[in-house]
>>> print(open('final_16.pdb').read())   # PDB, C-alpha atoms
ATOM      1  CA  MET A   1     162.094 106.510 196.383
ATOM      2  CA  ALA A   2     159.836 105.233 199.086
ATOM      3  CA  ALA A   3     156.705 103.370 198.021
ATOM      4  CA  ALA A   4     153.426 105.166 198.633
ATOM      5  CA  ALA A   5     150.329 103.256 199.740
ATOM      6  CA  VAL A   6     146.864 104.734 200.032
ATOM      7  CA  SER A   7     144.042 102.767 201.644
ATOM      8  CA  LEU A   8     140.722 103.853 200.157
ATOM      9  CA  LEU A   9     138.502 101.948 202.557
ATOM     10  CA  SER A  10     139.590 100.900 206.010
ATOM     11  CA  ALA A  11     138.611  97.539 207.477
ATOM     12  CA  LYS A  12     136.301  99.283 209.915
ATOM     13  CA  SER A  13     134.414 101.095 207.151
ATOM     14  CA  ILE A  14     134.102  97.889 205.177
ATOM     15  CA  THR A  15     132.407  96.063 208.043
ATOM     16  CA  ALA A  16     129.864  98.871 208.193
ATOM     17  CA  ILE A  17     128.786  98.020 204.633
ATOM     18  CA  PRO A  18     127.720  94.365 204.471
ATOM     19  CA  LYS A  19     128.003  94.004 200.713
ATOM     20  CA  LEU A  20     131.629  95.163 200.812
ATOM     21  CA  LYS A  21     132.757  92.881 203.619
ATOM     22  CA  PRO A  22     134.405  90.323 201.258
ATOM     23  CA  PHE A  23     136.383  93.069 199.486
ATOM     24  CA  LEU A  24     139.493  94.945 200.432
ATOM     25  CA  PHE A  25     140.661  97.869 198.265
ATOM     26  CA  ASP A  26     144.304  98.815 198.695
ATOM     27  CA  PHE A  27     146.314 100.845 196.193
ATOM     28  CA  HIS A  28     150.110 100.585 196.047
ATOM     29  CA  VAL A  29     152.338 102.758 193.876
ATOM     30  CA  SER A  30     155.991 101.900 193.436
ATOM     31  CA  PRO A  31     158.727 102.609 190.889
ATOM     32  CA  PRO A  32     158.623 102.533 188.021
ATOM     33  CA  PHE A  33     155.117 103.918 188.425
ATOM     34  CA  SER A  34     153.234 100.626 188.682
ATOM     35  CA  LEU A  35     149.822 100.348 190.314
ATOM     36  CA  SER A  36     148.555  97.336 192.200
ATOM     37  CA  PHE A  37     145.416  96.751 194.217
ATOM     38  CA  ALA A  38     143.749  93.881 195.994
ATOM     39  CA  VAL A  39     140.125  93.255 194.935
ATOM     40  CA  ALA A  40     139.576  90.403 197.328
ATOM     41  CA  PRO A  41     141.581  88.719 200.032
ATOM     42  CA  ASN A  42     144.714  86.970 198.711
ATOM     43  CA  THR A  43     144.042  88.410 195.206
ATOM     44  CA  THR A  44     146.199  91.164 193.716
ATOM     45  CA  THR A  45     145.896  92.808 190.318
ATOM     46  CA  ASN A  46     148.774  94.851 188.879
ATOM     47  CA  PHE A  47     148.558  97.603 186.298
ATOM     48  CA  THR A  48     151.548  99.498 184.879
ATOM     49  CA  LEU A  49     150.484 103.041 184.186
ATOM     50  CA  TRP A  50     153.753 104.493 182.930
ATOM     51  CA  SER A  51     157.372 103.499 183.029
ATOM     52  CA  ARG A  52     160.589 105.044 181.769
ATOM     53  CA  LYS A  53     164.259 104.599 182.454
ATOM     54  CA  PRO A  54     166.185 107.459 184.008
ATOM     55  CA  ARG A  55     167.948 109.588 181.405
ATOM     56  CA  ARG A  56     171.294 109.482 183.159
ATOM     57  CA  ASN A  57     173.141 107.894 186.006
ATOM     58  CA  PRO A  58     173.660 110.580 188.662
ATOM     59  CA  THR A  59     176.843 108.897 189.856
ATOM     60  CA  LEU A  60     180.263 109.224 188.262
ATOM     61  CA  PRO A  61     180.751 105.849 186.571
ATOM     62  CA  ALA A  62     184.008 104.339 185.467
ATOM     63  CA  ALA A  63     182.244 102.887 182.419
ATOM     64  CA  ALA A  64     184.777 104.071 179.856
ATOM     65  CA  MET A  65     187.924 103.473 181.901
ATOM     66  CA  LEU A  66     190.115 100.752 180.449
ATOM     67  CA  PHE A  67     191.174  99.268 183.792
ATOM     68  CA  PRO A  68     188.924 100.553 186.620
ATOM     69  CA  GLN A  69     190.685  98.320 189.135
ATOM     70  CA  ASN A  70     194.021 100.062 188.407
ATOM     71  CA  PRO A  71     193.366 103.794 187.799
ATOM     72  CA  VAL A  72     197.039 104.754 187.425
ATOM     73  CA  PHE A  73     197.697 102.202 184.711
ATOM     74  CA  SER A  74     194.339 102.981 183.130
ATOM     75  CA  ASP A  75     195.062 106.723 182.951
ATOM     76  CA  THR A  76     198.498 106.045 181.487
ATOM     77  CA  CYS A  77     196.964 103.878 178.772
ATOM     78  CA  ALA A  78     194.298 106.519 178.164
ATOM     79  CA  ALA A  79     196.991 109.161 177.659
ATOM     80  CA  VAL A  80     198.791 106.959 175.142
ATOM     81  CA  ILE A  81     195.580 106.120 173.271
ATOM     82  CA  SER A  82     194.189 109.667 173.156
ATOM     83  CA  GLY A  83     197.567 111.067 172.136
ATOM     84  CA  SER A  84     197.869 108.461 169.393
ATOM     85  CA  ILE A  85     194.381 109.240 168.096
ATOM     86  CA  ALA A  86     195.049 112.977 168.018
ATOM     87  CA  LEU A  87     198.388 112.392 166.281
ATOM     88  CA  SER A  88     196.729 110.097 163.733
ATOM     89  CA  VAL A  89     194.180 112.778 162.864
ATOM     90  CA  LEU A  90     196.979 115.317 162.473
ATOM     91  CA  ARG A  91     198.920 112.899 160.217
ATOM     92  CA  LEU A  92     195.811 112.518 158.078
ATOM     93  CA  TRP A  93     195.564 116.248 157.461
ATOM     94  CA  GLN A  94     199.305 116.478 156.906
ATOM     95  CA  GLU A  95     198.949 113.901 154.157
ATOM     96  CA  THR A  96     196.038 115.768 152.548
ATOM     97  CA  ALA A  97     198.086 118.974 152.654
ATOM     98  CA  LYS A  98     201.077 117.193 151.134
ATOM     99  CA  ARG A  99     198.959 115.805 148.284
ATOM    100  CA  GLY A 100     197.155 119.094 147.775
ATOM    101  CA  LEU A 101     193.701 117.540 148.126
ATOM    102  CA  PHE A 102     192.313 120.696 149.727
ATOM    103  CA  ASP A 103     193.120 124.365 149.594
ATOM    104  CA  GLN A 104     195.782 125.125 152.204
ATOM    105  CA  LYS A 105     193.501 127.448 154.186
ATOM    106  CA  LEU A 106     190.684 124.890 154.157
ATOM    107  CA  ASN A 107     193.061 122.116 155.169
ATOM    108  CA  ARG A 108     194.281 124.250 158.059
ATOM    109  CA  LYS A 109     190.731 124.810 159.287
ATOM    110  CA  LEU A 110     189.938 121.094 159.056
ATOM    111  CA  VAL A 111     192.880 120.517 161.403
ATOM    112  CA  HIS A 112     191.565 123.312 163.594
ATOM    113  CA  ILE A 113     188.073 121.825 163.838
ATOM    114  CA  SER A 114     188.927 118.164 164.276
ATOM    115  CA  ILE A 115     191.943 117.858 166.592
ATOM    116  CA  GLY A 116     190.437 119.384 169.727
ATOM    117  CA  LEU A 117     187.002 117.821 169.290
ATOM    118  CA  VAL A 118     188.402 114.346 168.635
ATOM    119  CA  PHE A 119     190.680 114.631 171.649
ATOM    120  CA  MET A 120     187.745 115.687 173.831
ATOM    121  CA  LEU A 121     185.912 112.511 172.791
ATOM    122  CA  CYS A 122     188.665 110.573 174.583
ATOM    123  CA  TRP A 123     188.159 112.280 177.959
ATOM    124  CA  PRO A 124     185.865 109.541 179.360
ATOM    125  CA  LEU A 125     188.801 107.131 179.114
ATOM    126  CA  TYR A 126     190.414 108.889 182.076
ATOM    127  CA  SER A 127     189.574 108.547 185.754
ATOM    128  CA  SER A 128     187.465 111.165 187.510
ATOM    129  CA  GLY A 129     190.181 112.389 189.856
ATOM    130  CA  TYR A 130     192.721 115.156 189.455
ATOM    131  CA  ARG A 131     195.271 112.655 188.168
ATOM    132  CA  GLY A 132     193.105 111.937 185.131
ATOM    133  CA  ALA A 133     192.814 115.647 184.354
ATOM    134  CA  ILE A 134     196.579 116.192 184.570
ATOM    135  CA  LEU A 135     197.415 113.164 182.423
ATOM    136  CA  ALA A 136     194.861 114.297 179.853
ATOM    137  CA  ALA A 137     196.539 117.718 179.793
ATOM    138  CA  ILE A 138     199.909 116.159 178.958
ATOM    139  CA  THR A 139     199.037 115.505 175.296
ATOM    140  CA  PRO A 140     198.138 119.115 174.378
ATOM    141  CA  GLY A 141     200.847 120.316 176.763
ATOM    142  CA  VAL A 142     203.498 118.426 174.812
ATOM    143  CA  ASN A 143     202.036 119.921 171.646
ATOM    144  CA  ILE A 144     202.616 123.428 173.036
ATOM    145  CA  ILE A 145     206.327 122.647 173.329
ATOM    146  CA  ARG A 146     206.311 121.107 169.871
ATOM    147  CA  MET A 147     204.688 124.208 168.311
ATOM    148  CA  ILE A 148     207.206 126.480 170.038
ATOM    149  CA  LEU A 149     210.146 124.419 168.781
ATOM    150  CA  ILE A 150     208.835 124.332 165.213
ATOM    151  CA  GLY A 151     207.751 127.974 165.270
ATOM    152  CA  SER A 152     211.150 129.123 166.523
ATOM    153  CA  GLY A 153     212.956 127.154 163.822
ATOM    154  CA  LEU A 154     214.639 124.727 166.218
ATOM    155  CA  TRP A 155     212.691 121.782 164.824
ATOM    156  CA  LYS A 156     212.120 121.347 161.110
ATOM    157  CA  ASP A 157     208.716 119.871 160.271
ATOM    158  CA  GLU A 158     207.478 121.077 156.893
ATOM    159  CA  ALA A 159     204.412 118.831 156.952
ATOM    160  CA  THR A 160     203.166 120.397 160.193
ATOM    161  CA  VAL A 161     203.926 123.909 158.971
ATOM    162  CA  LYS A 162     202.011 123.308 155.746
ATOM    163  CA  ALA A 163     199.042 121.776 157.562
ATOM    164  CA  MET A 164     198.734 124.383 160.325
ATOM    165  CA  SER A 165     199.882 127.709 158.882
ATOM    166  CA  ARG A 166     198.026 130.201 156.700
ATOM    167  CA  TYR A 167     200.873 131.150 154.401
ATOM    168  CA  GLY A 168     203.480 128.434 154.927
ATOM    169  CA  ASP A 169     205.564 130.482 157.387
ATOM    170  CA  TYR A 170     206.778 128.365 160.323
ATOM    171  CA  ARG A 171     206.688 131.407 162.622
ATOM    172  CA  GLU A 172     202.885 131.409 162.417
ATOM    173  CA  LEU A 173     202.888 128.382 164.733
ATOM    174  CA  LEU A 174     204.014 130.621 167.599
ATOM    175  CA  LYS A 175     200.596 132.306 167.657
ATOM    176  CA  GLY A 176     197.384 130.477 166.705
ATOM    177  CA  PRO A 177     198.571 126.875 167.164
ATOM    178  CA  VAL A 178     200.202 127.685 170.524
ATOM    179  CA  TYR A 179     197.025 129.430 171.751
ATOM    180  CA  TYR A 180     194.973 126.505 170.484
ATOM    181  CA  ALA A 181     197.015 123.887 172.347
ATOM    182  CA  THR A 182     197.125 126.076 175.456
ATOM    183  CA  THR A 183     193.321 126.334 175.509
ATOM    184  CA  ILE A 184     192.879 122.563 175.481
ATOM    185  CA  THR A 185     195.612 122.108 178.107
ATOM    186  CA  LEU A 186     194.000 124.596 180.485
ATOM    187  CA  ALA A 187     190.543 123.128 179.848
ATOM    188  CA  CYS A 188     191.847 119.740 180.965
ATOM    189  CA  ALA A 189     193.922 120.843 183.931
ATOM    190  CA  PHE A 190     191.633 123.481 185.464
ATOM    191  CA  TYR A 191     188.083 122.775 184.311
ATOM    192  CA  TRP A 192     187.936 119.196 183.032
ATOM    193  CA  ARG A 193     184.899 117.329 181.763
ATOM    194  CA  THR A 194     182.535 118.237 184.626
ATOM    195  CA  SER A 195     182.637 121.928 183.700
ATOM    196  CA  PRO A 196     180.502 123.557 180.978
ATOM    197  CA  ILE A 197     183.257 126.167 180.689
ATOM    198  CA  ALA A 198     185.692 123.580 179.294
ATOM    199  CA  ILE A 199     183.088 122.403 176.788
ATOM    200  CA  ALA A 200     182.214 125.944 175.694
ATOM    201  CA  ALA A 201     185.845 127.053 175.354
ATOM    202  CA  ILE A 202     186.916 124.123 173.194
ATOM    203  CA  CYS A 203     183.757 123.930 171.083
ATOM    204  CA  ASN A 204     183.709 127.641 170.263
ATOM    205  CA  LEU A 205     187.430 127.583 169.507
ATOM    206  CA  CYS A 206     187.358 124.455 167.347
ATOM    207  CA  ALA A 207     183.936 124.234 165.721
ATOM    208  CA  GLY A 208     182.886 127.872 166.030
ATOM    209  CA  ASP A 209     186.041 129.568 164.785
ATOM    210  CA  GLY A 210     186.683 126.817 162.241
ATOM    211  CA  PHE A 211     183.288 127.005 160.543
ATOM    212  CA  ALA A 212     183.317 130.794 160.688
ATOM    213  CA  ASP A 213     186.297 130.822 158.347
ATOM    214  CA  ILE A 214     185.002 128.079 156.026
ATOM    215  CA  VAL A 215     181.498 129.533 155.665
ATOM    216  CA  GLY A 216     182.799 133.099 155.528
ATOM    217  CA  ARG A 217     185.026 132.302 152.554
ATOM    218  CA  GLN A 218     182.236 130.568 150.667
ATOM    219  CA  PHE A 219     179.275 132.802 151.465
ATOM    220  CA  GLY A 220     180.844 135.913 152.968
ATOM    221  CA  GLY A 221     179.954 138.437 150.326
ATOM    222  CA  GLN A 222     178.195 140.735 152.771
ATOM    223  CA  LYS A 223     180.743 142.150 155.190
ATOM    224  CA  LEU A 224     180.186 143.467 158.673
ATOM    225  CA  PRO A 225     179.874 147.268 158.809
ATOM    226  CA  TYR A 226     182.495 147.562 161.557
ATOM    227  CA  ASN A 227     184.991 145.031 160.140
ATOM    228  CA  LYS A 228     185.425 144.552 156.410
ATOM    229  CA  ASN A 229     187.581 141.467 157.036
ATOM    230  CA  LYS A 230     184.647 139.585 158.584
ATOM    231  CA  SER A 231     181.318 138.570 157.076
ATOM    232  CA  ILE A 232     177.805 138.228 158.453
ATOM    233  CA  ALA A 233     177.616 134.633 157.213
ATOM    234  CA  GLY A 234     180.858 133.721 158.956
ATOM    235  CA  SER A 235     179.799 135.229 162.290
ATOM    236  CA  VAL A 236     176.390 133.524 162.164
ATOM    237  CA  ALA A 237     178.039 130.204 161.284
ATOM    238  CA  MET A 238     180.422 130.575 164.206
ATOM    239  CA  ALA A 239     177.640 131.174 166.732
ATOM    240  CA  ILE A 240     175.571 128.262 165.423
ATOM    241  CA  ALA A 241     178.457 125.788 165.149
ATOM    242  CA  GLY A 242     179.867 126.654 168.566
ATOM    243  CA  PHE A 243     176.462 126.429 170.214
ATOM    244  CA  LEU A 244     175.344 123.151 168.609
ATOM    245  CA  THR A 245     178.688 121.468 169.257
ATOM    246  CA  SER A 246     178.626 122.581 172.900
ATOM    247  CA  VAL A 247     175.144 121.142 173.363
ATOM    248  CA  GLY A 248     176.211 117.920 171.667
ATOM    249  CA  TYR A 249     179.155 117.475 174.040
ATOM    250  CA  MET A 250     176.950 118.298 177.006
ATOM    251  CA  TYR A 251     174.783 115.297 176.147
ATOM    252  CA  TYR A 252     177.877 113.214 175.406
ATOM    253  CA  PHE A 253     179.392 113.825 178.853
ATOM    254  CA  SER A 254     176.023 113.565 180.585
ATOM    255  CA  TYR A 255     175.745 110.016 179.238
ATOM    256  CA  PHE A 256     178.779 109.126 181.364
ATOM    257  CA  GLY A 257     177.435 111.063 184.340
ATOM    258  CA  TYR A 258     180.067 113.808 184.286
ATOM    259  CA  ILE A 259     177.644 116.671 183.767
ATOM    260  CA  LYS A 260     173.882 117.018 184.091
ATOM    261  CA  GLU A 261     172.055 118.282 181.035
ATOM    262  CA  SER A 262     169.660 121.160 181.624
ATOM    263  CA  THR A 263     167.997 124.050 179.842
ATOM    264  CA  GLU A 264     170.031 126.448 181.997
ATOM    265  CA  ILE A 265     173.292 125.039 180.655
ATOM    266  CA  VAL A 266     171.948 125.101 177.082
ATOM    267  CA  PHE A 267     171.010 128.754 177.493
ATOM    268  CA  GLY A 268     174.466 129.429 178.933
ATOM    269  CA  PHE A 269     176.069 127.828 175.884
ATOM    270  CA  LEU A 270     173.992 130.110 173.661
ATOM    271  CA  ILE A 271     175.179 133.204 175.535
ATOM    272  CA  VAL A 272     178.828 132.111 175.375
ATOM    273  CA  SER A 273     178.641 131.281 171.649
ATOM    274  CA  LEU A 274     177.003 134.614 170.797
ATOM    275  CA  ALA A 275     179.604 136.509 172.845
ATOM    276  CA  SER A 276     182.467 134.565 171.253
ATOM    277  CA  ALA A 277     181.122 135.204 167.750
ATOM    278  CA  LEU A 278     180.789 138.905 168.531
ATOM    279  CA  VAL A 279     184.335 139.225 169.859
ATOM    280  CA  GLU A 280     185.715 137.183 166.949
ATOM    281  CA  SER A 281     184.106 139.622 164.539
ATOM    282  CA  LEU A 282     185.810 142.660 166.098
ATOM    283  CA  PRO A 283     188.964 144.159 164.534
ATOM    284  CA  VAL A 284     190.901 143.423 167.741
ATOM    285  CA  SER A 285     190.619 139.683 167.044
ATOM    286  CA  THR A 286     192.296 140.202 163.675
ATOM    287  CA  GLU A 287     195.066 142.283 165.223
ATOM    288  CA  LEU A 288     195.729 139.831 168.047
ATOM    289  CA  ASP A 289     194.597 136.290 167.225
ATOM    290  CA  ASP A 290     191.073 134.905 167.285
ATOM    291  CA  ASN A 291     192.351 131.714 168.947
ATOM    292  CA  LEU A 292     193.269 133.903 171.892
ATOM    293  CA  THR A 293     190.268 136.251 171.956
ATOM    294  CA  VAL A 294     187.686 133.492 171.462
ATOM    295  CA  THR A 295     189.198 131.426 174.276
ATOM    296  CA  LEU A 296     189.350 134.329 176.728
ATOM    297  CA  THR A 297     185.778 135.322 175.887
ATOM    298  CA  SER A 298     184.458 131.789 176.351
ATOM    299  CA  ILE A 299     186.157 131.437 179.728
ATOM    300  CA  LEU A 300     185.186 134.869 181.034
ATOM    301  CA  VAL A 301     181.566 134.765 179.890
ATOM    302  CA  GLY A 302     181.292 131.099 180.864
ATOM    303  CA  SER A 303     182.438 131.963 184.380
ATOM    304  CA  LEU A 304     179.537 134.409 184.627
ATOM    305  CA  VAL A 305     176.731 132.267 183.242
ATOM    306  CA  PHE A 306     177.631 128.797 184.575
TER
END
>>> encode(input="final_16.pdb", output="structure tokens")
Amino acid sequence: MAAAAVSLLSAKSITAIPKLKPFLFDFHVSPPFSLSFAVAPNTTTNFTLWSRKPRRNPTLPAAAMLFPQNPVFSDTCAAVISGSIALSVLRLWQETAKRGLFDQKLNRKLVHISIGLVFMLCWPLYSSGYRGAILAAITPGVNIIRMILIGSGLWKDEATVKAMSRYGDYRELLKGPVYYATTITLACAFYWRTSPIAIAAICNLCAGDGFADIVGRQFGGQKLPYNKNKSIAGSVAMAIAGFLTSVGYMYYFSYFGYIKESTEIVFGFLIVSLASALVESLPVSTELDDNLTVTLTSILVGSLVF
């Protein structure tokens, strides 16, 4: 930002007023909004009117990369670390399911809420190029294959089945869990952390759909008139949770410079969360799978508003 200087009295006008000849008034404004003026020759007085730091760095920093000087090695390490963190969270919920600390349906939703959101916290570890997006997509991509193998009966993993299924049937993993992992994979590979669509899709799927079920079971006495399997409390909780989580991740990624926070994006998140909650409440989501319908809604509506 170029400095702005305004001369209130020129030297010629000063000489026309004898009493002002010894004085020279010159105002100088420069970032961060400081004011200086000369009262007399060789004398300068500075006043700071207002100063604030910029809210974000407009560039794309490599602040969170492990080894900025070697992006390939750094992205490889990031993939190992993020995959290990996601697996550790899954192991935690497998252990709680094994010990029966929570109801099986609640335990399943805790897995649903946490895995995707925790994995998304690791995205700044990757580089900003396409390579970082692809390597980030490997972890959920491998999980797609894993869910298919377990769901088809080719791989026996009772702990995973108990933690991620509604009724303990391994074939359930071929639907919701596969759609879930596919959503995160596509969000990484095609949208990545610079896109509000990726944020909206994952947050409405994880936080929105997860809290809809938890709140609906606890406070869902009043059902929706067009779907007796869904409650007003659950739908409201989904819209609120999806929206607030989306806004939170917008600020999280804006801190690293990957996305710029704005009221337009916040309003877009609200529209996407309301649309996702509406579609999730429809009977078609029960017949198909809300992991599928919520994801498609978030992507389609997000493509219109962002």
>>> closest_atom_pairs(input="final_16.pdb", of="region 127-197 of chain A", to="region 280-293 of chain A", cutoff="7 Å", atoms="only C-alpha atoms", output="CSV")
residue,atom,partner,partner_atom,distance
A:Gly176,CA,A:Asn291,CA,5.6
A:Tyr179,CA,A:Leu292,CA,5.8
A:Tyr180,CA,A:Asn291,CA,6.0
>>> residues_around(input="final_16.pdb", residues="region 67-78 of chain A", least_positions_apart="4", cutoff="8 Å", atoms="only C-alpha atoms", output="list in words")
Ala62, Ser82, Cys122, Leu125, Tyr126, Ser127, Arg131, Gly132, Leu135 and Ala136 of chain A
>>> write_last_selection(input="final_16.pdb", atoms="C-alpha atoms", output="short mmCIF file (atom, residue, chain, number, x, y, z; two decimals), keeping the file's coordinate frame")
data_model
loop_
_atom_site.label_atom_id
_atom_site.label_comp_id
_atom_site.auth_asym_id
_atom_site.auth_seq_id
_atom_site.Cartn_x
_atom_site.Cartn_y
_atom_site.Cartn_z
CA ALA A 62 184.01 104.34 185.47
CA SER A 82 194.19 109.67 173.16
CA CYS A 122 188.66 110.57 174.58
CA LEU A 125 188.80 107.13 179.11
CA TYR A 126 190.41 108.89 182.08
CA SER A 127 189.57 108.55 185.75
CA ARG A 131 195.27 112.66 188.17
CA GLY A 132 193.10 111.94 185.13
CA LEU A 135 197.42 113.16 182.42
CA ALA A 136 194.86 114.30 179.85
#
>>> resolve_selection(input="final_16.pdb", expression="the PyMOL selection byres ((chain A and resi 168) around 12)", output="number ranges by chain")
A: 97, 104-105, 108, 151, 157-167, 169-173
>>> closest_atom_pairs(input="final_16.pdb", of="region 117-234 of chain A", to="region 240-258 of chain A", cutoff="9 Å", atoms="only C-alpha atoms", output="JSON lines")
{"residue": "A:Met120", "atom": "CA", "partner": "A:Tyr249", "partner_atom": "CA", "distance": 8.8}
{"residue": "A:Leu121", "atom": "CA", "partner": "A:Tyr249", "partner_atom": "CA", "distance": 8.5}
{"residue": "A:Trp123", "atom": "CA", "partner": "A:Phe253", "partner_atom": "CA", "distance": 8.9}
{"residue": "A:Pro124", "atom": "CA", "partner": "A:Phe256", "partner_atom": "CA", "distance": 7.4}
{"residue": "A:Ser128", "atom": "CA", "partner": "A:Tyr258", "partner_atom": "CA", "distance": 8.5}
{"residue": "A:Arg193", "atom": "CA", "partner": "A:Tyr258", "partner_atom": "CA", "distance": 6.5}
{"residue": "A:Thr194", "atom": "CA", "partner": "A:Tyr258", "partner_atom": "CA", "distance": 5.1}
{"residue": "A:Ser195", "atom": "CA", "partner": "A:Tyr258", "partner_atom": "CA", "distance": 8.5}
{"residue": "A:Pro196", "atom": "CA", "partner": "A:Met250", "partner_atom": "CA", "distance": 7.5}
{"residue": "A:Ile199", "atom": "CA", "partner": "A:Ser246", "partner_atom": "CA", "distance": 5.9}
{"residue": "A:Ala200", "atom": "CA", "partner": "A:Ser246", "partner_atom": "CA", "distance": 5.7}
{"residue": "A:Ala201", "atom": "CA", "partner": "A:Ser246", "partner_atom": "CA", "distance": 8.8}
{"residue": "A:Ile202", "atom": "CA", "partner": "A:Ser246", "partner_atom": "CA", "distance": 8.4}
{"residue": "A:Cys203", "atom": "CA", "partner": "A:Gly242", "partner_atom": "CA", "distance": 5.4}
{"residue": "A:Asn204", "atom": "CA", "partner": "A:Gly242", "partner_atom": "CA", "distance": 4.3}
{"residue": "A:Leu205", "atom": "CA", "partner": "A:Gly242", "partner_atom": "CA", "distance": 7.7}
{"residue": "A:Cys206", "atom": "CA", "partner": "A:Gly242", "partner_atom": "CA", "distance": 7.9}
{"residue": "A:Ala207", "atom": "CA", "partner": "A:Gly242", "partner_atom": "CA", "distance": 5.5}
{"residue": "A:Gly208", "atom": "CA", "partner": "A:Gly242", "partner_atom": "CA", "distance": 4.1}
{"residue": "A:Asp209", "atom": "CA", "partner": "A:Gly242", "partner_atom": "CA", "distance": 7.8}
{"residue": "A:Gly210", "atom": "CA", "partner": "A:Ala241", "partner_atom": "CA", "distance": 8.8}
{"residue": "A:Phe211", "atom": "CA", "partner": "A:Ala241", "partner_atom": "CA", "distance": 6.8}
{"residue": "A:Ala212", "atom": "CA", "partner": "A:Ala241", "partner_atom": "CA", "distance": 8.3}
>>> atom_distance(input="final_16.pdb", atom1="CA of Leu106 (chain A)", atom2="CA of Ile197 (chain A)")
27.6 Å
>>> atom_distance(input="final_16.pdb", atom1="CA of Ser235 (chain A)", atom2="CA of Leu278 (chain A)")
7.3 Å
>>> residues_near_point(input="final_16.pdb", point="(198.9, 118.4, 170.6)", cutoff="8 Å", atoms="only C-alpha atoms", output="count of residues only")
11
>>> atom_distance(input="final_16.pdb", atom1="CA of Leu149 (chain A)", atom2="CA of Ser88 (chain A)")
20.3 Å
>>> decode(input="final_16.pdb", residues="region 120-132 of chain A", atoms="N, CA, C and O atoms", output="tab-separated table (two decimals), in the first residue's frame")
chain	number	residue	atom	x	y	z
A	120	MET	N	-9.82	-34.41	8.35
A	120	MET	CA	-9.78	-33.11	7.68
A	120	MET	C	-8.86	-32.13	8.42
A	120	MET	O	-8.30	-31.22	7.80
A	121	LEU	N	-8.71	-32.30	9.73
A	121	LEU	CA	-7.78	-31.46	10.48
A	121	LEU	C	-6.34	-31.65	10.02
A	121	LEU	O	-5.50	-30.76	10.20
A	122	CYS	N	-6.05	-32.79	9.41
A	122	CYS	CA	-4.69	-33.10	8.96
A	122	CYS	C	-4.38	-32.55	7.58
A	122	CYS	O	-3.22	-32.63	7.13
A	123	TRP	N	-5.34	-32.01	6.88
A	123	TRP	CA	-5.12	-31.55	5.50
A	123	TRP	C	-4.02	-30.51	5.38
A	123	TRP	O	-3.28	-30.51	4.38
A	124	PRO	N	-3.85	-29.58	6.32
A	124	PRO	CA	-2.75	-28.61	6.16
A	124	PRO	C	-1.35	-29.22	6.17
A	124	PRO	O	-0.39	-28.54	5.81
A	125	LEU	N	-1.23	-30.48	6.56
A	125	LEU	CA	0.07	-31.13	6.54
A	125	LEU	C	0.57	-31.37	5.12
A	125	LEU	O	1.77	-31.52	4.89
A	126	TYR	N	-0.36	-31.38	4.16
A	126	TYR	CA	-0.01	-31.70	2.78
A	126	TYR	C	0.37	-30.43	2.01
A	126	TYR	O	0.02	-29.31	2.42
A	127	SER	N	1.05	-30.62	0.90
A	127	SER	CA	1.41	-29.50	0.04
A	127	SER	C	0.17	-29.00	-0.70
A	127	SER	O	-0.86	-29.68	-0.74
A	128	SER	N	0.31	-27.82	-1.32
A	128	SER	CA	-0.84	-27.19	-1.96
A	128	SER	C	-1.10	-27.70	-3.37
A	128	SER	O	-2.13	-27.38	-3.95
A	129	GLY	N	-0.22	-28.47	-3.93
A	129	GLY	CA	-0.39	-28.95	-5.29
A	129	GLY	C	-1.32	-30.14	-5.39
A	129	GLY	O	-1.88	-30.65	-4.41
A	130	TYR	N	-1.47	-30.60	-6.63
A	130	TYR	CA	-2.36	-31.74	-6.89
A	130	TYR	C	-1.84	-33.02	-6.24
A	130	TYR	O	-2.61	-33.89	-5.86
A	131	ARG	N	-0.51	-33.11	-6.11
A	131	ARG	CA	0.07	-34.29	-5.47
A	131	ARG	C	-0.42	-34.43	-4.03
A	131	ARG	O	-0.75	-35.52	-3.57
A	132	GLY	N	-0.47	-33.32	-3.31
A	132	GLY	CA	-0.94	-33.36	-1.93
A	132	GLY	C	-2.38	-33.85	-1.85
A	132	GLY	O	-2.73	-34.62	-0.95
